[in-house]
Amino acid sequence: MKALRNFLDKVKPSFEEGGKLAMFRSVFEGFETFLFVPDTTAKRGAHIHDCIDSKRVMSMVVIALIPALLFGIYNVGYQHYLVTGQEMDSCGIISYGLACVLPKIVVSYAVGLGIEFIVAQWKKEEIQEGFLVSGLLIPMIVPASCPLWMLAVATAFAVIFAKEVFGGTGMNIFNVALITRAFLFFAYPSAMSGDSVWIGTEEIFGLGGATNVVDSFTGATVLGQVGVAQGVATPVLTNAVGGQLSVMDMFIGLIPGSIGETSKIAILIGAVILLFTGIASWKTMFSVFVGGALTAFLFNQIGTTPIMNLPWYEHLLLGGFCFGAVFMATDPVTSSRTECGKYVFGFLVGMFAIVIRVLNPGYPEGMMLAILLMNLFAPLVDYFVVQANINRRLKRVKK
Amino acid sequence: MAEVIRIKRGLDIKLKGKAEEVFGKSEPATLFSVRPDDFQGIKPKVIVKDGDAVKVGSVLFYDKANPEMKFVSPVSGVVLAVNRGEKRKVLDVRIQSDGKFESEPFQKANPSSMTSEEVKKLLLNSGFWPFIKQRPYDVVADPNEKPKAIFISGFDSAPLAPDYDFVLEGKKDEFQLGVDALSKLTDGKIHVGVNVESASKIYKRVTGVEVHEFVGPHPAGNVGVQIHHIDPVNKGESVWCINPQDVVTIGTAMKKGLYDFTKVIVLDGSSVKHPAYYRTVYGAQITNIVKGNVDETSAVRYISGNPLSGRQISADGFIGAYDAQVCVIPEGDKSEFLGWILPRLNKFSVNHSYFSWLLGRNREYALDTNINGGERAFIMSGEYDRVFPMDVLPEYLVKAIIAKDIDKMEQLGIYEVAPEDFALCEFVCTSKIETQRIVREGLDYIRKELA
């Protein structure tokens with residue numbers, strides 16, 4: 001490590017102002033601070049500091065995302081083999097999954113971090129690590145068949161207009177990953193919804209074998225199936241080749257859907273990591289589930305359409321509800337920052353997610369819109385909590 | 001006695017190098033420094049010059065805004081220099097001690113038979129006044145005001161802080177006299193906050209005070225937290241506070257009829273070989289007590305005060321006027337390979353992504369001065385609230401200060417806080433925001449704007 005440190009110290013001057021490679025200062029600094037925690041000491045104020053920093057926080061979230069990511073890779077391959085009617089072999093499944101997902105991760109990071117480096121260079125600031133999480137979230141919340149160029153455009157849009165114009169990490173109003181998804185959803189609706197986008201049927205890098213799908217293929221997500229059903233009762237829910245789905249299947253997650261959202265087991269592992277380390281607020285996460293469950297339960301009581309009749313626990317297991325509740329609603333920057341506010345924020349996210357799902361005729365998923373909507377209202381929720389504190393103080397004077 | 005006040009939110013940081021209850025031996029200091037900057041909110045007008053002979057209690061400077069408020073020498077000897085910085089700002093008055101501690105004349109006094117005005121005049125003239133601070137603004141108390149109460153925090157809960165039961169041993173009469181004098185300054189009560197786990201014999205035997213028992217982690221011993229839980233400061237009100245040892249100083253002068261600024265300080269921290277208590281006076285140079293007593297295998301930092309809110313001084317620096325502690329801890333001026341992802345078992349964190357919370361509450365750490373990261377915007381929420389035991393929203397208050405929004409600052413309770421109350425926020429902050437500096441600037445700003 002000594003040699004590496006010495007090397008960095010040696011090349012450092014050429015990256016500084018006036019050096020030959022000064023245009024790459026932010027990149028160098030970014031890598032340097034990742035390799036070595038800087039030797040900055042406290043100049044005034046507290047002389048000792050907790051050893052937590054934002055790199056640690058962000059990397060913990062990335063670690064928490066990994067189970068869902070790995071399962072997502074497997075599921076992409078699994079769905080492909082399922083609909084093409086080929087014999088399953090785990091090697092093929094994983095390699096197809098990797099070939100489908102890895103390029104998305106690379107594109108998302110390359111575009112997002114590239115913009116971050118440029119902005120950091122331009123503003124003469126230190127590179128911030130917020131995009132480490134967003135950059136991994138983005139590929140996990142898009143359908144398997146999402147074209148890379150769309151992903152690149154959407155990521156660039158989100159990083160510039162949802163983050164950098166507000167001042168960068170910690171200043172954004174909306175969750176960056178969700179803005180990416182919202183951009184894709186509104187700009188390229190045909191690539192983001194419908195029956196044919198969720199399962200990769202194309203051949204990628206020569207991987208995946210046969211690409212002609214079996215006759216009984218219906219690539220709709222489970223929510224999609226409920227959304228288009230006629231009558232009052234919930235239809236029989238099936239997988240891509242017509243096999244009936246049980247609640248357990250929804251929990252395990254070998255079903256069509258966005259790459260990272262399908263496995264509730266993997267998300268649960270992530271949730272445990274986030275709650276155990278205290279990085280995500282249990283208050284937010286818990287309230288999202290309470291809000292969603294109560295709302296779905298109420299709709300169950302009304303029960304005039306198939307999706308109203310979808311049992312409340314299946315509502316929570318399907319679509320992006322769990323993924324959103326664990327990884328997106330708990331983003332500390334864009335959710336409520338007061339402790340009481342977190343309960344309200346979470347509850348309303350859960351409620352709106354189900355309301356949008358049930359009452360919106362065109363689109364069967366509601367988590368993305370619910371979180372973005374509540375991102376907008378989080379400051380309002382906080383405003384009331386802060387105002388309550390102010391009023392308590394005023395009351396004290398009158399007494 | 002009122003019921004025990006339970007402080008739930010806070011944090012005890014266990015540091016290595018706690019002092020035993022013993023007195024260390026050292027040569028007395030010969031060089032002393034009185035720093036106007038120690039006394040927040042005053043403008044000094046120096047009246048001594050180089051070469052003047054001074055005694056204990058001789059006036060060195062006074063406050064331009066309140067000329068009756070004097071600041072006096074803690075030792076007898078010769079003024080070596082009046083050091084000035086940019087714009088002729090007075091940095092400090094250096095005094096070479098003659099080792100005799102000769103006192104200026106001081107009339108023995110019985111505060112109980114004095115009027116309020118007489119006590120006030122005595123304290124202002126004698127140089128004891130500056131040891132009384134006020135909330136709001138955390139500055140030297142304004143003699144033109146009448147506080148609604150006076151608070152004395154009877155214990156210090158900061159890391160490695162001195163044990164006041166030990167420090168005040170045998171000072172009951174002096175403490176009582178000091179309290180009697182202070183009681184003339186307010187129509188309200190004198191509140192003393194004590195730690196439920198300590199004996200606090202002196203506080204409990206003193207008359208004329210209301211004793212409140214506190215239990216819980218740091219900052220339970222911060223006077224600001226105690227004020228908040230006993231009788232919070234509202235807009236337009238003020239309360240005063242004073243350290244127990246300074247109460248004793250006032251009492252000693254009245255009892256003995258002479259100036260005696262002797263106080264007990266503790267020298268501790270993980271870089272100190274033999275942490276111990278020392279008798280000295282404020283402004284004393286630390287050289288003699290740290291010489292040969294500090295592990296200098298790597299760079300160290302000397303702090304006057306505690307590691308959370310103290311002030312960095314040099315190896316030949318001086319003890320601050322309000323401080324009863326000198327801390328020596330390692331400098332953290334080394335970079336750490338991939339530190340952000342390692343388990344870092346030797347470092348402390350309240351965050352559960354590290355394992356300090358599993359390694360036992362009593363495990364002691366030798367923390368250095370590295371800030372362990374880079375400064376960021378606010379990212380994590382709720383961190384401050386967990387270590388801030390007041391009904392104040394610390395993050396929102398800090399943001400209001402940054403925005404210089406005076407209305408919001410008032411509404412969010414800036415009158416109740418002092419920078420030291422934010423020390424733990426600064427410690428736990430993931431984004432490494434200098435909250436104590438921000439709060440100090442906020443207090444100065446609002447005081448200036450509303451003056």
# chains A, B, ... in the order shown; residues from 1 in each chain; ligands from 1
call {"tool": "interface_residues", "arguments": {"of": "chain B", "to": "chain A", "cutoff": "6 Å", "atoms": "only C-alpha atoms", "output": "ChimeraX atom specification"}}
result
/B:307-309,332-340,349,352-353,369-373,377-381,411-412,423,427-428,430,436
call {"tool": "select_by_dssp", "arguments": {"residues": "region 57-229 of chain B", "states": "strand (DSSP E)", "output": "PyMOL selection string"}}
result
chain B and resi 59-63+70-72+77-84+90-97+133-135+139-140+150-153+190-195+210-215
call {"tool": "write_last_selection", "arguments": {"atoms": "C-alpha atoms", "output": "PDB file, in the first residue's frame"}}
result
ATOM      1  CA  VAL B  59      -6.735  44.690  35.637  1.00  0.00           C
ATOM      2  CA  LEU B  60      -5.320  43.785  32.215  1.00  0.00           C
ATOM      3  CA  PHE B  61      -8.149  44.969  30.003  1.00  0.00           C
ATOM      4  CA  TYR B  62     -11.801  45.896  30.139  1.00  0.00           C
ATOM      5  CA  ASP B  63     -14.767  45.563  27.829  1.00  0.00           C
ATOM      6  CA  LYS B  70     -12.687  44.088  34.121  1.00  0.00           C
ATOM      7  CA  PHE B  71     -10.466  41.211  33.084  1.00  0.00           C
ATOM      8  CA  VAL B  72      -7.659  40.538  35.514  1.00  0.00           C
ATOM      9  CA  GLY B  77       4.685  39.083  37.686  1.00  0.00           C
ATOM     10  CA  VAL B  78       5.520  41.207  34.674  1.00  0.00           C
ATOM     11  CA  VAL B  79       3.596  41.794  31.461  1.00  0.00           C
ATOM     12  CA  LEU B  80       5.840  40.368  28.761  1.00  0.00           C
ATOM     13  CA  ALA B  81       3.862  41.446  25.752  1.00  0.00           C
ATOM     14  CA  VAL B  82       0.476  42.451  24.462  1.00  0.00           C
ATOM     15  CA  ASN B  83       0.286  40.413  21.281  1.00  0.00           C
ATOM     16  CA  ARG B  84      -1.758  41.817  18.476  1.00  0.00           C
ATOM     17  CA  VAL B  90      -5.565  41.809  20.752  1.00  0.00           C
ATOM     18  CA  LEU B  91      -4.537  38.165  20.644  1.00  0.00           C
ATOM     19  CA  ASP B  92      -3.410  37.807  24.213  1.00  0.00           C
ATOM     20  CA  VAL B  93      -1.681  39.434  27.142  1.00  0.00           C
ATOM     21  CA  ARG B  94       1.436  37.453  28.086  1.00  0.00           C
ATOM     22  CA  ILE B  95       2.567  37.523  31.674  1.00  0.00           C
ATOM     23  CA  GLN B  96       5.790  36.205  33.117  1.00  0.00           C
ATOM     24  CA  SER B  97       5.053  34.883  36.589  1.00  0.00           C
ATOM     25  CA  LYS B 133     -21.970  33.393  30.666  1.00  0.00           C
ATOM     26  CA  GLN B 134     -25.442  33.926  29.364  1.00  0.00           C
ATOM     27  CA  ARG B 135     -27.926  32.259  27.078  1.00  0.00           C
ATOM     28  CA  VAL B 139     -21.449  35.127  25.531  1.00  0.00           C
ATOM     29  CA  VAL B 140     -20.203  36.808  28.702  1.00  0.00           C
ATOM     30  CA  ILE B 150     -28.785  31.044  37.060  1.00  0.00           C
ATOM     31  CA  PHE B 151     -27.631  27.566  36.150  1.00  0.00           C
ATOM     32  CA  ILE B 152     -24.638  25.626  37.344  1.00  0.00           C
ATOM     33  CA  SER B 153     -23.964  22.275  35.728  1.00  0.00           C
ATOM     34  CA  ILE B 190     -30.148  29.038  41.152  1.00  0.00           C
ATOM     35  CA  HIS B 191     -30.362  25.618  39.561  1.00  0.00           C
ATOM     36  CA  VAL B 192     -27.664  23.023  39.954  1.00  0.00           C
ATOM     37  CA  GLY B 193     -27.727  19.997  37.673  1.00  0.00           C
ATOM     38  CA  VAL B 194     -26.117  16.912  39.157  1.00  0.00           C
ATOM     39  CA  ASN B 195     -25.419  13.456  37.863  1.00  0.00           C
ATOM     40  CA  GLU B 210     -32.426  23.891  43.581  1.00  0.00           C
ATOM     41  CA  VAL B 211     -30.738  20.608  42.745  1.00  0.00           C
ATOM     42  CA  HIS B 212     -31.896  18.651  39.683  1.00  0.00           C
ATOM     43  CA  GLU B 213     -30.736  15.124  39.066  1.00  0.00           C
ATOM     44  CA  PHE B 214     -29.905  14.040  35.533  1.00  0.00           C
ATOM     45  CA  VAL B 215     -29.295  10.592  34.175  1.00  0.00           C
TER      46      VAL B 215
END
call {"tool": "select_by_dssp", "arguments": {"residues": "region 127-354 of chain A", "states": "helix (DSSP H, G or I)", "output": "VMD selection string"}}
result
chain A and resid 130 to 140 148 to 166 176 to 187 189 to 192 222 to 228 247 to 252 264 to 276 282 to 302 312 to 317 321 to 328 339 to 354
call {"tool": "write_last_selection", "arguments": {"atoms": "C-alpha atoms", "output": "short mmCIF file (atom, residue, chain, number, x, y, z; two decimals), in the first residue's frame"}}
result
data_model
loop_
_atom_site.label_atom_id
_atom_site.label_comp_id
_atom_site.auth_asym_id
_atom_site.auth_seq_id
_atom_site.Cartn_x
_atom_site.Cartn_y
_atom_site.Cartn_z
CA GLY A 130 -24.30 9.67 -4.60
CA PHE A 131 -24.43 8.26 -8.12
CA LEU A 132 -22.91 4.97 -7.00
CA VAL A 133 -26.33 4.01 -5.73
CA SER A 134 -28.40 5.67 -8.46
CA GLY A 135 -26.18 4.12 -11.12
CA LEU A 136 -26.95 0.63 -9.88
CA LEU A 137 -30.61 1.32 -9.22
CA ILE A 138 -31.22 2.49 -12.78
CA PRO A 139 -30.53 -0.84 -14.54
CA MET A 140 -32.48 -2.67 -11.87
CA LEU A 148 -28.93 0.73 -24.11
CA TRP A 149 -29.17 4.00 -26.01
CA MET A 150 -32.47 4.80 -24.32
CA LEU A 151 -30.91 4.05 -20.98
CA ALA A 152 -28.02 6.36 -21.77
CA VAL A 153 -30.28 9.23 -22.82
CA ALA A 154 -32.53 8.81 -19.79
CA THR A 155 -29.62 8.59 -17.37
CA ALA A 156 -28.05 11.70 -18.80
CA PHE A 157 -31.35 13.53 -18.54
CA ALA A 158 -31.88 12.49 -14.94
CA VAL A 159 -28.36 13.27 -13.75
CA ILE A 160 -28.32 16.68 -15.35
CA PHE A 161 -31.87 17.86 -14.79
CA ALA A 162 -32.85 16.05 -11.62
CA LYS A 163 -29.53 16.34 -9.82
CA GLU A 164 -26.82 18.63 -11.06
CA VAL A 165 -29.04 21.63 -11.73
CA PHE A 166 -30.18 21.43 -8.13
CA VAL A 176 -32.50 10.35 -9.61
CA ALA A 177 -33.05 6.72 -10.53
CA LEU A 178 -36.81 7.19 -10.60
CA ILE A 179 -36.50 10.25 -12.79
CA THR A 180 -34.54 8.08 -15.21
CA ARG A 181 -37.34 5.57 -15.22
CA ALA A 182 -40.01 8.23 -15.50
CA PHE A 183 -38.18 9.75 -18.46
CA LEU A 184 -38.06 6.37 -20.18
CA PHE A 185 -41.67 5.75 -19.36
CA PHE A 186 -42.96 8.99 -20.82
CA ALA A 187 -40.49 9.30 -23.70
CA PRO A 189 -43.73 4.18 -23.52
CA SER A 190 -43.71 1.32 -25.97
CA ALA A 191 -40.35 0.16 -24.69
CA MET A 192 -41.33 0.46 -21.06
CA VAL A 222 -48.67 -10.21 -13.22
CA LEU A 223 -49.98 -6.71 -12.54
CA GLY A 224 -50.39 -6.27 -16.28
CA GLN A 225 -52.53 -9.36 -16.45
CA VAL A 226 -54.76 -8.09 -13.66
CA GLY A 227 -54.91 -4.66 -15.23
CA VAL A 228 -56.36 -5.84 -18.51
CA VAL A 247 -48.14 -16.46 -3.80
CA MET A 248 -44.90 -18.33 -3.15
CA ASP A 249 -43.83 -17.82 -6.78
CA MET A 250 -44.40 -14.11 -6.39
CA PHE A 251 -42.29 -14.17 -3.26
CA ILE A 252 -39.42 -16.09 -4.81
CA LYS A 264 -38.91 -10.53 -2.61
CA ILE A 265 -36.37 -12.79 -0.92
CA ALA A 266 -33.44 -10.85 -2.37
CA ILE A 267 -35.10 -7.54 -1.53
CA LEU A 268 -35.69 -8.78 1.99
CA ILE A 269 -31.99 -9.52 2.37
CA GLY A 270 -31.25 -6.00 1.18
CA ALA A 271 -33.82 -4.60 3.59
CA VAL A 272 -32.23 -6.48 6.47
CA ILE A 273 -28.81 -5.04 5.59
CA LEU A 274 -30.20 -1.51 5.35
CA LEU A 275 -32.17 -1.74 8.57
CA PHE A 276 -29.42 -3.52 10.48
CA TRP A 282 -37.28 1.68 9.36
CA LYS A 283 -39.94 4.30 9.92
CA THR A 284 -40.21 5.08 6.23
CA MET A 285 -39.97 1.47 5.12
CA PHE A 286 -42.48 0.19 7.62
CA SER A 287 -44.97 2.96 6.89
CA VAL A 288 -44.87 2.30 3.15
CA PHE A 289 -45.99 -1.26 3.78
CA VAL A 290 -48.64 -0.18 6.26
CA GLY A 291 -49.97 2.45 3.87
CA GLY A 292 -49.99 0.02 0.95
CA ALA A 293 -51.58 -2.84 2.89
CA LEU A 294 -54.34 -0.69 4.37
CA THR A 295 -55.20 0.93 1.07
CA ALA A 296 -55.23 -2.38 -0.79
CA PHE A 297 -57.35 -3.87 1.97
CA LEU A 298 -59.89 -1.05 1.61
CA PHE A 299 -60.04 -1.61 -2.14
CA ASN A 300 -60.58 -5.30 -1.47
CA GLN A 301 -63.69 -4.33 0.47
CA ILE A 302 -65.03 -2.29 -2.45
CA TRP A 312 -53.73 -6.90 -0.33
CA TYR A 313 -50.73 -9.15 0.34
CA GLU A 314 -50.35 -9.90 -3.35
CA HIS A 315 -50.41 -6.16 -4.01
CA LEU A 316 -47.38 -5.81 -1.76
CA LEU A 317 -45.58 -8.73 -3.37
CA PHE A 321 -43.75 -2.20 -4.43
CA CYS A 322 -41.16 -3.94 -2.27
CA PHE A 323 -38.21 -2.67 -4.27
CA GLY A 324 -39.51 0.88 -4.10
CA ALA A 325 -40.31 0.66 -0.41
CA VAL A 326 -36.88 -0.69 0.53
CA PHE A 327 -34.52 1.12 -1.83
CA MET A 328 -36.26 4.17 -3.23
CA GLU A 339 -38.65 11.69 12.22
CA CYS A 340 -42.44 12.16 12.41
CA GLY A 341 -42.51 13.16 8.78
CA LYS A 342 -41.07 9.78 7.82
CA TYR A 343 -44.19 7.98 9.03
CA VAL A 344 -46.44 10.26 7.04
CA PHE A 345 -44.21 10.19 3.98
CA GLY A 346 -43.99 6.41 3.98
CA PHE A 347 -47.67 5.90 4.56
CA LEU A 348 -48.63 8.19 1.70
CA VAL A 349 -46.14 6.53 -0.66
CA GLY A 350 -47.71 3.16 0.06
CA MET A 351 -51.21 4.56 -0.25
CA PHE A 352 -50.64 6.41 -3.52
CA ALA A 353 -48.85 3.42 -5.04
CA ILE A 354 -51.95 1.29 -4.59
#
call {"tool": "residues_around", "arguments": {"residues": "Phe388 (chain B)", "least_positions_apart": "4", "cutoff": "10 Å", "atoms": "only C-alpha atoms", "output": "list in words"}}
result
Ile7, Lys8, Arg9, Gly10, Leu11, His218, Pro219, Ala220, Val225, Glu383, Tyr384, Val392, Leu393, Pro394, Asp421, Phe422, Ala423, Leu424 and Cys425 of chain B
call {"tool": "residues_around", "arguments": {"residues": "Trp122 (chain A)", "least_positions_apart": "3", "cutoff": "12 Å", "atoms": "only C-alpha atoms", "output": "list of chain:residue names"}}
result
A:Ala22, A:Met23, A:Phe24, A:Arg25, A:Ser26, A:Val27, A:Ile115, A:Glu116, A:Phe117, A:Ile118, A:Val119, A:Glu125, A:Glu126, A:Ile127, A:Glu164
call {"tool": "residues_around", "arguments": {"residues": "Phe261 (chain B)", "least_positions_apart": "2", "cutoff": "7 Å", "atoms": "only C-alpha atoms", "output": "tab-separated table (two decimals) with N, CA and C atoms, in the first residue's frame"}}
result
chain	number	residue	atom	x	y	z
B	74	PRO	N	-4.27	36.41	36.34
B	74	PRO	CA	-4.37	35.28	37.27
B	74	PRO	C	-3.10	35.07	38.10
B	249	THR	N	-14.09	30.02	42.98
B	249	THR	CA	-13.13	31.13	42.91
B	249	THR	C	-13.72	32.40	43.54
B	259	TYR	N	-7.31	37.45	45.98
B	259	TYR	CA	-7.56	36.80	44.71
B	259	TYR	C	-6.83	35.46	44.66
B	263	LYS	N	-7.33	26.57	40.20
B	263	LYS	CA	-8.36	25.58	39.92
B	263	LYS	C	-7.71	24.26	39.55
B	281	VAL	N	-3.76	27.76	37.41
B	281	VAL	CA	-4.73	28.83	37.23
B	281	VAL	C	-5.00	28.96	35.74
call {"tool": "closest_residue", "arguments": {"among": "B:Ile13, B:Leu185, B:Ile414, B:Ala321", "to": "Gln285 (chain B)", "atoms": "only C-alpha atoms"}}
result
B:Ala321
call {"tool": "residues_around", "arguments": {"residues": "Val266 (chain B)", "least_positions_apart": "4", "cutoff": "7 Å", "atoms": "only C-alpha atoms", "output": "ChimeraX atom specification"}}
result
/B:162,276-278,324-326
call {"tool": "atom_distance", "arguments": {"atom1": "CA of Glu426 (chain B)", "atom2": "CA of Cys327 (chain B)"}}
result
18.5 Å
call {"tool": "atom_distance", "arguments": {"atom1": "CA of Ser304 (chain B)", "atom2": "CA of Val272 (chain B)"}}
result
13.9 Å
call {"tool": "residues_around", "arguments": {"residues": "region 71-78 of chain A", "least_positions_apart": "4", "cutoff": "7 Å", "atoms": "only C-alpha atoms", "output": "list in words"}}
result
Pro67, Leu82, Ile93, Ile94, Tyr96, Gly97, Leu98, Val101, Ala144, Ile199, Gly200, Leu254, Ile259, Gly260, Ser263 and Ala266 of chain A
